[in-house]
Amino acid sequence: MKFFKRYALFILIILLDVIILFVNKQLGIKIFINTKSNFLNMLGVIPPIFLLLGLLDIWVPRETIIKYLGEKSGVKGVLLSIFLGSAAAGPLYGAFPVAEVMIKKGAKFSNILVFLGAWSTLKIPMFLFEMTSLGTKFAVTRWIVDVIGIILIAVLIDKFINSEEKQRIYSRKLWS
């Protein structure tokens, strides 16, 4: 029963896909082809991310994360979060397990939000592509606006979420 409760949405989507397959065979086949493609894409990304997370969890002591990304990290923590997010490779869903390790290791909440924002918008390869395709002025302007926006949003969210809610986030087991 616990299995069905945990995977209820996934099971429901599979059932809907099967129903669509019977109602509209062409659309159903297209759905299953897309699902297979997405699943194979995730298989190429998720295992390396979890391997790196395991190494990060073992090799980087909690004290180091607290020192560089914790409550008293200041501007240094924000800059490191931007660097880690923008230098990371992979799709956005790969950032959430990393953020969970950051939570577990004691990173400041706003630094985690900055990291997620940087991962989603400040990728270095995208910046280089924009420079060559759209011009340096555009790429640098977009990057500066995004950095300011990410930091502003992270600070505002950090202020709006009370300490009790943050404590609930930090104490929650996200992958159990």
# chains A, B, ... in the order shown; residues from 1 in each chain; ligands from 1
call {"tool": "select_by_dssp", "arguments": {"residues": "segment 25-176 of chain A", "states": "helix (DSSP H, G or I)", "output": "VMD selection string"}}
result
chain A and resid 25 to 59 62 to 69 74 to 87 92 to 105 109 to 121 124 to 134 136 to 160 163 to 171
call {"tool": "residues_around", "arguments": {"residues": "Glu130 of chain A", "least_positions_apart": "4", "cutoff": "12 Å", "atoms": "only C-alpha atoms", "output": "number ranges by chain"}}
result
A: 122-126, 134-143
call {"tool": "atom_distance", "arguments": {"atom1": "atom CA of Ile65 of chain A", "atom2": "atom CA of Gly94 of chain A"}}
result
19.3 Å
call {"tool": "closest_residue", "arguments": {"among": "A:Ile33, A:Ile46, A:Phe129, A:Ile161", "to": "Leu21 of chain A", "atoms": "only C-alpha atoms"}}
result
A:Ile33
call {"tool": "residues_around", "arguments": {"residues": "Gly74 of chain A", "least_positions_apart": "5", "cutoff": "12 Å", "atoms": "only C-alpha atoms", "output": "PDB file with all heavy atoms, in the first residue's frame"}}
result
ATOM      1  N   ILE A  66      29.426  24.901   5.779  1.00  0.00           N
ATOM      2  CA  ILE A  66      28.946  25.965   6.666  1.00  0.00           C
ATOM      3  C   ILE A  66      29.855  27.193   6.551  1.00  0.00           C
ATOM      4  O   ILE A  66      29.382  28.324   6.505  1.00  0.00           O
ATOM      5  CB  ILE A  66      28.844  25.459   8.121  1.00  0.00           C
ATOM      6  CG1 ILE A  66      27.685  24.458   8.243  1.00  0.00           C
ATOM      7  CG2 ILE A  66      28.654  26.620   9.092  1.00  0.00           C
ATOM      8  CD1 ILE A  66      27.600  23.756   9.571  1.00  0.00           C
ATOM      9  N   LYS A  67      31.154  26.963   6.485  1.00  0.00           N
ATOM     10  CA  LYS A  67      32.105  28.075   6.392  1.00  0.00           C
ATOM     11  C   LYS A  67      31.904  28.882   5.110  1.00  0.00           C
ATOM     12  O   LYS A  67      31.896  30.112   5.138  1.00  0.00           O
ATOM     13  CB  LYS A  67      33.535  27.536   6.460  1.00  0.00           C
ATOM     14  CG  LYS A  67      34.596  28.614   6.337  1.00  0.00           C
ATOM     15  CD  LYS A  67      35.988  27.993   6.409  1.00  0.00           C
ATOM     16  CE  LYS A  67      37.060  29.051   6.224  1.00  0.00           C
ATOM     17  NZ  LYS A  67      38.406  28.474   6.225  1.00  0.00           N
ATOM     18  N   TYR A  68      31.763  28.192   3.982  1.00  0.00           N
ATOM     19  CA  TYR A  68      31.705  28.887   2.697  1.00  0.00           C
ATOM     20  C   TYR A  68      30.296  29.189   2.193  1.00  0.00           C
ATOM     21  O   TYR A  68      30.123  30.078   1.358  1.00  0.00           O
ATOM     22  CB  TYR A  68      32.457  28.085   1.636  1.00  0.00           C
ATOM     23  CG  TYR A  68      33.935  28.057   1.898  1.00  0.00           C
ATOM     24  CD1 TYR A  68      34.561  26.902   2.349  1.00  0.00           C
ATOM     25  CD2 TYR A  68      34.715  29.201   1.721  1.00  0.00           C
ATOM     26  CE1 TYR A  68      35.920  26.878   2.597  1.00  0.00           C
ATOM     27  CE2 TYR A  68      36.073  29.186   1.975  1.00  0.00           C
ATOM     28  CZ  TYR A  68      36.667  28.027   2.416  1.00  0.00           C
ATOM     29  OH  TYR A  68      38.016  28.002   2.678  1.00  0.00           O
ATOM     30  N   LEU A  69      29.283  28.446   2.676  1.00  0.00           N
ATOM     31  CA  LEU A  69      27.913  28.654   2.194  1.00  0.00           C
ATOM     32  C   LEU A  69      26.905  28.831   3.320  1.00  0.00           C
ATOM     33  O   LEU A  69      25.715  28.986   3.055  1.00  0.00           O
ATOM     34  CB  LEU A  69      27.480  27.471   1.317  1.00  0.00           C
ATOM     35  CG  LEU A  69      28.225  27.295  -0.001  1.00  0.00           C
ATOM     36  CD1 LEU A  69      27.886  25.964  -0.641  1.00  0.00           C
ATOM     37  CD2 LEU A  69      27.923  28.441  -0.944  1.00  0.00           C
ATOM     38  N   LEU A  79      28.579  34.468  -4.030  1.00  0.00           N
ATOM     39  CA  LEU A  79      29.431  34.311  -5.209  1.00  0.00           C
ATOM     40  C   LEU A  79      29.758  32.845  -5.485  1.00  0.00           C
ATOM     41  O   LEU A  79      29.753  32.401  -6.641  1.00  0.00           O
ATOM     42  CB  LEU A  79      30.713  35.128  -5.044  1.00  0.00           C
ATOM     43  CG  LEU A  79      30.535  36.645  -5.029  1.00  0.00           C
ATOM     44  CD1 LEU A  79      31.862  37.339  -4.734  1.00  0.00           C
ATOM     45  CD2 LEU A  79      29.935  37.146  -6.327  1.00  0.00           C
ATOM     46  N   LEU A  80      30.018  32.086  -4.430  1.00  0.00           N
ATOM     47  CA  LEU A  80      30.294  30.663  -4.604  1.00  0.00           C
ATOM     48  C   LEU A  80      29.055  29.929  -5.127  1.00  0.00           C
ATOM     49  O   LEU A  80      29.157  29.066  -5.997  1.00  0.00           O
ATOM     50  CB  LEU A  80      30.782  30.043  -3.288  1.00  0.00           C
ATOM     51  CG  LEU A  80      31.197  28.575  -3.344  1.00  0.00           C
ATOM     52  CD1 LEU A  80      32.284  28.339  -4.390  1.00  0.00           C
ATOM     53  CD2 LEU A  80      31.669  28.116  -1.974  1.00  0.00           C
ATOM     54  N   SER A  81      27.885  30.293  -4.618  1.00  0.00           N
ATOM     55  CA  SER A  81      26.641  29.682  -5.092  1.00  0.00           C
ATOM     56  C   SER A  81      26.414  29.977  -6.565  1.00  0.00           C
ATOM     57  O   SER A  81      25.995  29.099  -7.326  1.00  0.00           O
ATOM     58  CB  SER A  81      25.445  30.197  -4.280  1.00  0.00           C
ATOM     59  OG  SER A  81      25.551  29.804  -2.940  1.00  0.00           O
ATOM     60  N   ALA A 107      23.992  24.670   4.419  1.00  0.00           N
ATOM     61  CA  ALA A 107      24.115  25.892   3.625  1.00  0.00           C
ATOM     62  C   ALA A 107      22.970  26.846   3.950  1.00  0.00           C
ATOM     63  O   ALA A 107      21.863  26.422   4.296  1.00  0.00           O
ATOM     64  CB  ALA A 107      24.108  25.559   2.131  1.00  0.00           C
ATOM     65  N   LYS A 108      23.239  28.123   3.845  1.00  0.00           N
ATOM     66  CA  LYS A 108      22.241  29.162   4.082  1.00  0.00           C
ATOM     67  C   LYS A 108      21.123  29.034   3.042  1.00  0.00           C
ATOM     68  O   LYS A 108      21.380  28.790   1.860  1.00  0.00           O
ATOM     69  CB  LYS A 108      22.919  30.531   3.998  1.00  0.00           C
ATOM     70  CG  LYS A 108      22.043  31.698   4.322  1.00  0.00           C
ATOM     71  CD  LYS A 108      22.881  32.974   4.250  1.00  0.00           C
ATOM     72  CE  LYS A 108      22.026  34.185   4.542  1.00  0.00           C
ATOM     73  NZ  LYS A 108      22.832  35.412   4.410  1.00  0.00           N
ATOM     74  N   SER A 110      19.181  31.201   1.517  1.00  0.00           N
ATOM     75  CA  SER A 110      19.260  32.086   0.362  1.00  0.00           C
ATOM     76  C   SER A 110      20.377  31.654  -0.597  1.00  0.00           C
ATOM     77  O   SER A 110      20.238  31.819  -1.817  1.00  0.00           O
ATOM     78  CB  SER A 110      19.458  33.541   0.790  1.00  0.00           C
ATOM     79  OG  SER A 110      20.646  33.693   1.517  1.00  0.00           O
ATOM     80  N   ASN A 111      21.454  31.079  -0.081  1.00  0.00           N
ATOM     81  CA  ASN A 111      22.521  30.587  -0.962  1.00  0.00           C
ATOM     82  C   ASN A 111      22.050  29.388  -1.782  1.00  0.00           C
ATOM     83  O   ASN A 111      22.453  29.221  -2.935  1.00  0.00           O
ATOM     84  CB  ASN A 111      23.770  30.229  -0.162  1.00  0.00           C
ATOM     85  CG  ASN A 111      24.513  31.455   0.321  1.00  0.00           C
ATOM     86  OD1 ASN A 111      24.319  32.555  -0.186  1.00  0.00           O
ATOM     87  ND2 ASN A 111      25.356  31.271   1.313  1.00  0.00           N
ATOM     88  N   VAL A 155      16.910  36.754  -1.746  1.00  0.00           N
ATOM     89  CA  VAL A 155      16.829  37.540  -0.503  1.00  0.00           C
ATOM     90  C   VAL A 155      15.375  37.752  -0.101  1.00  0.00           C
ATOM     91  O   VAL A 155      15.018  37.606   1.078  1.00  0.00           O
ATOM     92  CB  VAL A 155      17.573  38.888  -0.671  1.00  0.00           C
ATOM     93  CG1 VAL A 155      17.271  39.828   0.484  1.00  0.00           C
ATOM     94  CG2 VAL A 155      19.074  38.651  -0.777  1.00  0.00           C
TER      95      VAL A 155
END
call {"tool": "atom_distance", "arguments": {"atom1": "atom CA of Ile157 of chain A", "atom2": "atom CA of Leu116 of chain A"}}
result
12.9 Å
call {"tool": "atom_distance", "arguments": {"atom1": "atom CA of Leu12 of chain A", "atom2": "atom CA of Lys36 of chain A"}}
result
17.1 Å
call {"tool": "decode", "arguments": {"residues": "segment 68-80 of chain A", "atoms": "all heavy atoms", "output": "PDB file, in the first residue's frame"}}
result
ATOM      1  N   TYR A  68      31.763  28.192   3.982  1.00  0.00           N
ATOM      2  CA  TYR A  68      31.705  28.887   2.697  1.00  0.00           C
ATOM      3  C   TYR A  68      30.296  29.189   2.193  1.00  0.00           C
ATOM      4  O   TYR A  68      30.123  30.078   1.358  1.00  0.00           O
ATOM      5  CB  TYR A  68      32.457  28.085   1.636  1.00  0.00           C
ATOM      6  CG  TYR A  68      33.935  28.057   1.898  1.00  0.00           C
ATOM      7  CD1 TYR A  68      34.561  26.902   2.349  1.00  0.00           C
ATOM      8  CD2 TYR A  68      34.715  29.201   1.721  1.00  0.00           C
ATOM      9  CE1 TYR A  68      35.920  26.878   2.597  1.00  0.00           C
ATOM     10  CE2 TYR A  68      36.073  29.186   1.975  1.00  0.00           C
ATOM     11  CZ  TYR A  68      36.667  28.027   2.416  1.00  0.00           C
ATOM     12  OH  TYR A  68      38.016  28.002   2.678  1.00  0.00           O
ATOM     13  N   LEU A  69      29.283  28.446   2.676  1.00  0.00           N
ATOM     14  CA  LEU A  69      27.913  28.654   2.194  1.00  0.00           C
ATOM     15  C   LEU A  69      26.905  28.831   3.320  1.00  0.00           C
ATOM     16  O   LEU A  69      25.715  28.986   3.055  1.00  0.00           O
ATOM     17  CB  LEU A  69      27.480  27.471   1.317  1.00  0.00           C
ATOM     18  CG  LEU A  69      28.225  27.295  -0.001  1.00  0.00           C
ATOM     19  CD1 LEU A  69      27.886  25.964  -0.641  1.00  0.00           C
ATOM     20  CD2 LEU A  69      27.923  28.441  -0.944  1.00  0.00           C
ATOM     21  N   GLY A  70      27.348  28.801   4.562  1.00  0.00           N
ATOM     22  CA  GLY A  70      26.442  28.867   5.710  1.00  0.00           C
ATOM     23  C   GLY A  70      25.942  30.266   6.019  1.00  0.00           C
ATOM     24  O   GLY A  70      26.139  31.224   5.257  1.00  0.00           O
ATOM     25  N   GLU A  71      25.309  30.393   7.170  1.00  0.00           N
ATOM     26  CA  GLU A  71      24.661  31.641   7.590  1.00  0.00           C
ATOM     27  C   GLU A  71      25.596  32.844   7.608  1.00  0.00           C
ATOM     28  O   GLU A  71      25.188  33.953   7.329  1.00  0.00           O
ATOM     29  CB  GLU A  71      24.026  31.470   8.977  1.00  0.00           C
ATOM     30  CG  GLU A  71      22.808  30.572   8.995  1.00  0.00           C
ATOM     31  CD  GLU A  71      21.650  31.107   8.163  1.00  0.00           C
ATOM     32  OE1 GLU A  71      21.453  32.344   8.092  1.00  0.00           O
ATOM     33  OE2 GLU A  71      20.942  30.277   7.566  1.00  0.00           O
ATOM     34  N   LYS A  72      26.857  32.643   7.926  1.00  0.00           N
ATOM     35  CA  LYS A  72      27.802  33.761   8.045  1.00  0.00           C
ATOM     36  C   LYS A  72      28.731  33.876   6.836  1.00  0.00           C
ATOM     37  O   LYS A  72      29.762  34.531   6.906  1.00  0.00           O
ATOM     38  CB  LYS A  72      28.613  33.612   9.329  1.00  0.00           C
ATOM     39  CG  LYS A  72      27.742  33.685  10.565  1.00  0.00           C
ATOM     40  CD  LYS A  72      28.529  33.547  11.826  1.00  0.00           C
ATOM     41  CE  LYS A  72      27.552  33.572  12.999  1.00  0.00           C
ATOM     42  NZ  LYS A  72      28.187  33.531  14.269  1.00  0.00           N
ATOM     43  N   SER A  73      28.351  33.278   5.734  1.00  0.00           N
ATOM     44  CA  SER A  73      29.225  33.280   4.554  1.00  0.00           C
ATOM     45  C   SER A  73      29.203  34.604   3.799  1.00  0.00           C
ATOM     46  O   SER A  73      30.145  34.913   3.075  1.00  0.00           O
ATOM     47  CB  SER A  73      28.840  32.139   3.616  1.00  0.00           C
ATOM     48  OG  SER A  73      27.516  32.309   3.155  1.00  0.00           O
ATOM     49  N   GLY A  74      28.133  35.357   3.936  1.00  0.00           N
ATOM     50  CA  GLY A  74      28.047  36.683   3.314  1.00  0.00           C
ATOM     51  C   GLY A  74      28.145  36.656   1.801  1.00  0.00           C
ATOM     52  O   GLY A  74      27.654  35.742   1.138  1.00  0.00           O
ATOM     53  N   VAL A  75      28.827  37.658   1.247  1.00  0.00           N
ATOM     54  CA  VAL A  75      28.976  37.807  -0.201  1.00  0.00           C
ATOM     55  C   VAL A  75      29.739  36.613  -0.783  1.00  0.00           C
ATOM     56  O   VAL A  75      29.446  36.147  -1.884  1.00  0.00           O
ATOM     57  CB  VAL A  75      29.696  39.140  -0.540  1.00  0.00           C
ATOM     58  CG1 VAL A  75      29.987  39.252  -2.023  1.00  0.00           C
ATOM     59  CG2 VAL A  75      28.873  40.319  -0.070  1.00  0.00           C
ATOM     60  N   LYS A  76      30.707  36.108  -0.026  1.00  0.00           N
ATOM     61  CA  LYS A  76      31.495  34.950  -0.459  1.00  0.00           C
ATOM     62  C   LYS A  76      30.571  33.750  -0.756  1.00  0.00           C
ATOM     63  O   LYS A  76      30.752  33.062  -1.766  1.00  0.00           O
ATOM     64  CB  LYS A  76      32.498  34.607   0.652  1.00  0.00           C
ATOM     65  CG  LYS A  76      33.257  33.327   0.486  1.00  0.00           C
ATOM     66  CD  LYS A  76      34.248  33.105   1.614  1.00  0.00           C
ATOM     67  CE  LYS A  76      33.561  33.156   2.968  1.00  0.00           C
ATOM     68  NZ  LYS A  76      34.457  32.903   4.102  1.00  0.00           N
ATOM     69  N   GLY A  77      29.574  33.530   0.086  1.00  0.00           N
ATOM     70  CA  GLY A  77      28.629  32.427  -0.123  1.00  0.00           C
ATOM     71  C   GLY A  77      27.765  32.634  -1.347  1.00  0.00           C
ATOM     72  O   GLY A  77      27.496  31.687  -2.097  1.00  0.00           O
ATOM     73  N   VAL A  78      27.338  33.874  -1.571  1.00  0.00           N
ATOM     74  CA  VAL A  78      26.524  34.183  -2.753  1.00  0.00           C
ATOM     75  C   VAL A  78      27.343  33.961  -4.019  1.00  0.00           C
ATOM     76  O   VAL A  78      26.877  33.329  -4.973  1.00  0.00           O
ATOM     77  CB  VAL A  78      25.985  35.634  -2.688  1.00  0.00           C
ATOM     78  CG1 VAL A  78      25.289  36.018  -3.977  1.00  0.00           C
ATOM     79  CG2 VAL A  78      25.045  35.813  -1.506  1.00  0.00           C
ATOM     80  N   LEU A  79      28.579  34.468  -4.030  1.00  0.00           N
ATOM     81  CA  LEU A  79      29.431  34.311  -5.209  1.00  0.00           C
ATOM     82  C   LEU A  79      29.758  32.845  -5.485  1.00  0.00           C
ATOM     83  O   LEU A  79      29.753  32.401  -6.641  1.00  0.00           O
ATOM     84  CB  LEU A  79      30.713  35.128  -5.044  1.00  0.00           C
ATOM     85  CG  LEU A  79      30.535  36.645  -5.029  1.00  0.00           C
ATOM     86  CD1 LEU A  79      31.862  37.339  -4.734  1.00  0.00           C
ATOM     87  CD2 LEU A  79      29.935  37.146  -6.327  1.00  0.00           C
ATOM     88  N   LEU A  80      30.018  32.086  -4.430  1.00  0.00           N
ATOM     89  CA  LEU A  80      30.294  30.663  -4.604  1.00  0.00           C
ATOM     90  C   LEU A  80      29.055  29.929  -5.127  1.00  0.00           C
ATOM     91  O   LEU A  80      29.157  29.066  -5.997  1.00  0.00           O
ATOM     92  CB  LEU A  80      30.782  30.043  -3.288  1.00  0.00           C
ATOM     93  CG  LEU A  80      31.197  28.575  -3.344  1.00  0.00           C
ATOM     94  CD1 LEU A  80      32.284  28.339  -4.390  1.00  0.00           C
ATOM     95  CD2 LEU A  80      31.669  28.116  -1.974  1.00  0.00           C
TER      96      LEU A  80
END
